[in-house]
Amino acid sequence: MLFDDRYKTISGSSEGNYKDRGSKFIAIAFPVISEDEVKERLAEVKGAYHDARHHCYAYMIAPDKSVSRYNDDGEPSGTAGRPILGQINSNDLTNVLIVVVRYFGGVKLGVRGLINAYKGATADALANAKIVTKTVKEEYEIQFAYPETNAVMRIMKETNVNIFQQEFALNCLIKFGVRKNEAQSVYERLSKINGLKINYLRTI
């Protein structure tokens, strides 16, 4: 049985809201593929909502959901980041960051109230998001001599690859992505070309 190389994520950013006893919770969901991108989005939200008391968040990254974090940002432990991450999990999503900012309304909500608020704001943001199914792709770089161009391009055309960079000179270079379930077959065909060097770049 082949590895299931599909995963669900969101196609773009979305927003959700929740209010309770004067406190306002605004959830912003972003598609992300790296922790560097998470840091950039967090900085954007903190800048846009600099007057909010809390900026709580959670994220899940990688097709196999191997990277996840959450942060309560001053709220009682387990009342903010964990409910946000719980909504990401319950929707079976990855490559998603959700930040929930809170404007305090003067009344303490208690543990249950906070959990409901962060969960509710996150659920609203995801309800407003477009959820899409994507396939896991592996990216490679190949280098080869110009006389081998025809053989290389024949494989490129006969297989389901996406070329995103190519340079043709005395020494040629192509960078491409291929669906994970098809990567081994493409790799084996390219490896038979005389003098061709193939390097794995990343999985996305």
# chains A, B, ... in the order shown; residues from 1 in each chain; ligands from 1
call {"tool": "select_by_dssp", "arguments": {"residues": "range 66-111 of chain A", "states": "strand (DSSP E or B)", "output": "list of chain:residue names"}}
result
A:Val67, A:Ser68, A:Arg69, A:Tyr70, A:Asn71, A:Leu93, A:Val96, A:Leu97, A:Ile98, A:Val99, A:Val100, A:Val101, A:Arg102, A:Tyr103
call {"tool": "residues_around", "arguments": {"residues": "range 117-123 of chain A", "least_positions_apart": "3", "cutoff": "10 Å", "atoms": "only C-alpha atoms", "output": "PyMOL selection string"}}
result
chain A and resi 15-20+23-29+56-57+79-88+90-91+98-102+109+111-114+126-129
call {"tool": "write_last_selection", "arguments": {"atoms": "N, CA and C atoms", "output": "CSV table (one decimal), in the first residue's frame"}}
result
chain,number,residue,atom,x,y,z
A,15,GLU,N,-10.6,34.8,9.2
A,15,GLU,CA,-10.7,35.5,10.5
A,15,GLU,C,-12.0,35.0,11.2
A,16,GLY,N,-12.0,34.9,12.5
A,16,GLY,CA,-13.1,34.5,13.3
A,16,GLY,C,-13.2,35.4,14.6
A,17,ASN,N,-14.4,35.4,15.2
A,17,ASN,CA,-14.6,36.2,16.4
A,17,ASN,C,-15.4,35.5,17.4
A,18,TYR,N,-15.2,36.0,18.7
A,18,TYR,CA,-15.9,35.4,19.8
A,18,TYR,C,-16.0,36.5,20.9
A,19,LYS,N,-17.1,36.7,21.5
A,19,LYS,CA,-17.3,37.7,22.6
A,19,LYS,C,-17.9,37.0,23.8
A,20,ASP,N,-17.4,37.4,25.0
A,20,ASP,CA,-17.9,36.9,26.2
A,20,ASP,C,-17.7,38.0,27.3
A,23,SER,N,-15.1,40.8,26.9
A,23,SER,CA,-13.8,40.4,26.3
A,23,SER,C,-14.1,40.0,24.8
A,24,LYS,N,-13.2,40.5,24.0
A,24,LYS,CA,-13.3,40.2,22.5
A,24,LYS,C,-12.1,39.4,22.1
A,25,PHE,N,-12.4,38.3,21.4
A,25,PHE,CA,-11.4,37.4,20.9
A,25,PHE,C,-11.4,37.4,19.3
A,26,ILE,N,-10.3,37.7,18.7
A,26,ILE,CA,-10.2,37.7,17.3
A,26,ILE,C,-9.2,36.7,16.8
A,27,ALA,N,-9.6,35.7,16.1
A,27,ALA,CA,-8.8,34.6,15.6
A,27,ALA,C,-8.4,34.9,14.1
A,28,ILE,N,-7.1,34.8,13.8
A,28,ILE,CA,-6.6,34.9,12.4
A,28,ILE,C,-5.9,33.6,12.1
A,29,ALA,N,-6.3,33.0,11.0
A,29,ALA,CA,-5.7,31.7,10.5
A,29,ALA,C,-4.9,32.0,9.3
A,56,CYS,N,-2.3,34.8,21.7
A,56,CYS,CA,-2.1,33.3,21.9
A,56,CYS,C,-2.2,32.6,20.5
A,57,TYR,N,-1.4,31.5,20.4
A,57,TYR,CA,-1.4,30.9,19.1
A,57,TYR,C,-1.1,29.4,19.2
A,79,THR,N,-5.4,27.1,28.8
A,79,THR,CA,-6.7,27.7,28.5
A,79,THR,C,-6.7,28.3,27.1
A,80,ALA,N,-5.6,28.5,26.4
A,80,ALA,CA,-5.6,29.2,25.1
A,80,ALA,C,-5.0,28.4,24.0
A,81,GLY,N,-3.6,28.2,24.1
A,81,GLY,CA,-2.9,27.6,23.0
A,81,GLY,C,-3.4,26.2,22.7
A,82,ARG,N,-3.7,25.4,23.8
A,82,ARG,CA,-4.1,24.0,23.6
A,82,ARG,C,-5.5,23.9,22.9
A,83,PRO,N,-6.5,24.7,23.3
A,83,PRO,CA,-7.8,24.7,22.6
A,83,PRO,C,-7.7,25.1,21.1
A,84,ILE,N,-6.7,26.0,20.9
A,84,ILE,CA,-6.5,26.4,19.5
A,84,ILE,C,-6.0,25.3,18.7
A,85,LEU,N,-4.9,24.6,19.2
A,85,LEU,CA,-4.3,23.4,18.6
A,85,LEU,C,-5.4,22.3,18.4
A,86,GLY,N,-6.2,22.2,19.4
A,86,GLY,CA,-7.3,21.2,19.4
A,86,GLY,C,-8.2,21.3,18.2
A,87,GLN,N,-8.5,22.6,17.8
A,87,GLN,CA,-9.3,22.8,16.7
A,87,GLN,C,-8.6,22.5,15.4
A,88,ILE,N,-7.3,22.8,15.3
A,88,ILE,CA,-6.5,22.4,14.1
A,88,ILE,C,-6.6,20.9,14.0
A,90,SER,N,-8.8,18.7,15.3
A,90,SER,CA,-10.2,18.1,15.0
A,90,SER,C,-10.6,18.4,13.6
A,91,ASN,N,-10.0,19.3,12.9
A,91,ASN,CA,-10.3,19.6,11.5
A,91,ASN,C,-9.3,18.8,10.6
A,98,ILE,N,-2.7,29.6,13.7
A,98,ILE,CA,-3.9,30.4,14.2
A,98,ILE,C,-3.5,31.2,15.4
A,99,VAL,N,-3.6,32.5,15.3
A,99,VAL,CA,-3.4,33.4,16.4
A,99,VAL,C,-4.7,34.0,16.9
A,100,VAL,N,-4.9,34.0,18.2
A,100,VAL,CA,-6.1,34.6,18.7
A,100,VAL,C,-5.7,35.7,19.6
A,101,VAL,N,-6.1,36.9,19.3
A,101,VAL,CA,-5.8,38.1,20.2
A,101,VAL,C,-7.0,38.4,21.1
A,102,ARG,N,-6.7,38.8,22.3
A,102,ARG,CA,-7.8,39.1,23.2
A,102,ARG,C,-7.7,40.5,23.7
A,109,LEU,N,-13.0,35.4,33.0
A,109,LEU,CA,-13.9,34.4,32.5
A,109,LEU,C,-13.7,33.0,33.1
A,111,VAL,N,-11.4,29.4,33.9
A,111,VAL,CA,-10.7,28.4,33.0
A,111,VAL,C,-11.7,28.0,31.9
A,112,ARG,N,-12.9,27.5,32.3
A,112,ARG,CA,-13.8,27.0,31.3
A,112,ARG,C,-14.2,28.1,30.3
A,113,GLY,N,-14.4,29.3,30.8
A,113,GLY,CA,-14.8,30.4,29.9
A,113,GLY,C,-13.7,30.7,28.9
A,114,LEU,N,-12.4,30.7,29.4
A,114,LEU,CA,-11.3,31.0,28.5
A,114,LEU,C,-11.2,29.9,27.4
A,126,LEU,N,-11.8,28.9,11.3
A,126,LEU,CA,-11.7,27.8,10.4
A,126,LEU,C,-13.0,27.6,9.6
A,127,ALA,N,-14.1,27.9,10.2
A,127,ALA,CA,-15.4,27.8,9.4
A,127,ALA,C,-15.4,28.8,8.3
A,128,ASN,N,-14.7,29.9,8.4
A,128,ASN,CA,-14.6,30.9,7.4
A,128,ASN,C,-13.5,30.7,6.4
A,129,ALA,N,-12.7,29.7,6.6
A,129,ALA,CA,-11.5,29.3,5.7
A,129,ALA,C,-12.0,28.4,4.7
call {"tool": "closest_residue", "arguments": {"among": "A:Val96, A:Ile131, A:Val178, A:Ile204", "to": "Glu37 in chain A", "atoms": "only C-alpha atoms"}}
result
A:Val96
call {"tool": "select_by_dssp", "arguments": {"residues": "range 66-178 of chain A", "states": "helix (DSSP H, G or I)", "output": "tab-separated table (two decimals) with C-alpha atoms, in the first residue's frame"}}
result
chain	number	residue	atom	x	y	z
A	81	GLY	CA	-2.95	27.56	23.00
A	82	ARG	CA	-4.15	24.03	23.62
A	83	PRO	CA	-7.79	24.70	22.62
A	84	ILE	CA	-6.51	26.44	19.47
A	85	LEU	CA	-4.35	23.43	18.57
A	86	GLY	CA	-7.28	21.15	19.39
A	87	GLN	CA	-9.35	22.81	16.67
A	88	ILE	CA	-6.54	22.38	14.13
A	89	ASN	CA	-6.40	18.68	15.06
A	90	SER	CA	-10.16	18.14	15.03
A	110	GLY	CA	-12.42	31.51	34.45
A	111	VAL	CA	-10.73	28.44	33.04
A	112	ARG	CA	-13.83	27.03	31.31
A	113	GLY	CA	-14.80	30.42	29.92
A	114	LEU	CA	-11.33	30.97	28.46
A	115	ILE	CA	-11.19	27.51	26.90
A	116	ASN	CA	-14.59	28.06	25.29
A	117	ALA	CA	-13.57	31.51	24.03
A	118	TYR	CA	-10.30	30.45	22.39
A	119	LYS	CA	-11.92	27.32	20.97
A	120	GLY	CA	-14.91	29.30	19.70
A	121	ALA	CA	-12.87	32.04	18.02
A	122	THR	CA	-10.65	29.43	16.35
A	123	ALA	CA	-13.62	27.36	15.18
A	124	ASP	CA	-15.15	30.49	13.64
A	125	ALA	CA	-11.93	31.32	11.76
A	126	LEU	CA	-11.72	27.78	10.38
A	127	ALA	CA	-15.41	27.82	9.44
A	146	TYR	CA	24.17	19.61	-22.35
A	147	PRO	CA	24.32	16.52	-24.63
A	148	GLU	CA	22.02	14.72	-22.17
A	149	THR	CA	19.27	17.38	-22.46
A	150	ASN	CA	17.01	15.35	-24.76
A	151	ALA	CA	17.09	12.30	-22.48
A	152	VAL	CA	16.37	14.44	-19.41
A	153	MET	CA	13.53	16.38	-21.02
A	154	ARG	CA	11.92	13.17	-22.27
A	155	ILE	CA	11.63	11.99	-18.64
A	156	MET	CA	10.36	15.41	-17.57
A	157	LYS	CA	7.57	15.23	-20.19
A	158	GLU	CA	6.64	11.61	-19.57
call {"tool": "closest_residue", "arguments": {"among": "A:Thr133, A:Thr94, A:Gln143, A:Gln166", "to": "Tyr200 in chain A", "atoms": "only C-alpha atoms"}}
result
A:Gln143
call {"tool": "atom_distance", "arguments": {"atom1": "CA of Phe168 in chain A", "atom2": "CA of Thr135 in chain A"}}
result
29.1 Å
call {"tool": "closest_residue", "arguments": {"among": "A:Asn71, A:Ser77, A:Asn181, A:Thr9", "to": "Val161 in chain A", "atoms": "only C-alpha atoms"}}
result
A:Asn181
call {"tool": "residues_around", "arguments": {"residues": "range 192-197 of chain A", "least_positions_apart": "4", "cutoff": "7 Å", "atoms": "only C-alpha atoms", "output": "PyMOL selection string"}}
result
chain A and resi 142-144+188
call {"tool": "closest_residue", "arguments": {"among": "A:Ser11, A:Asn95, A:Ser66, A:Thr159", "to": "Val186 in chain A", "atoms": "only C-alpha atoms"}}
result
A:Thr159
call {"tool": "closest_residue", "arguments": {"among": "A:Gly12, A:Pro76, A:Gly177, A:Gly105", "to": "Arg53 in chain A", "atoms": "only C-alpha atoms"}}
result
A:Gly105
call {"tool": "atom_distance", "arguments": {"atom1": "CA of Lys137 in chain A", "atom2": "CA of Lys180 in chain A"}}
result
5.1 Å
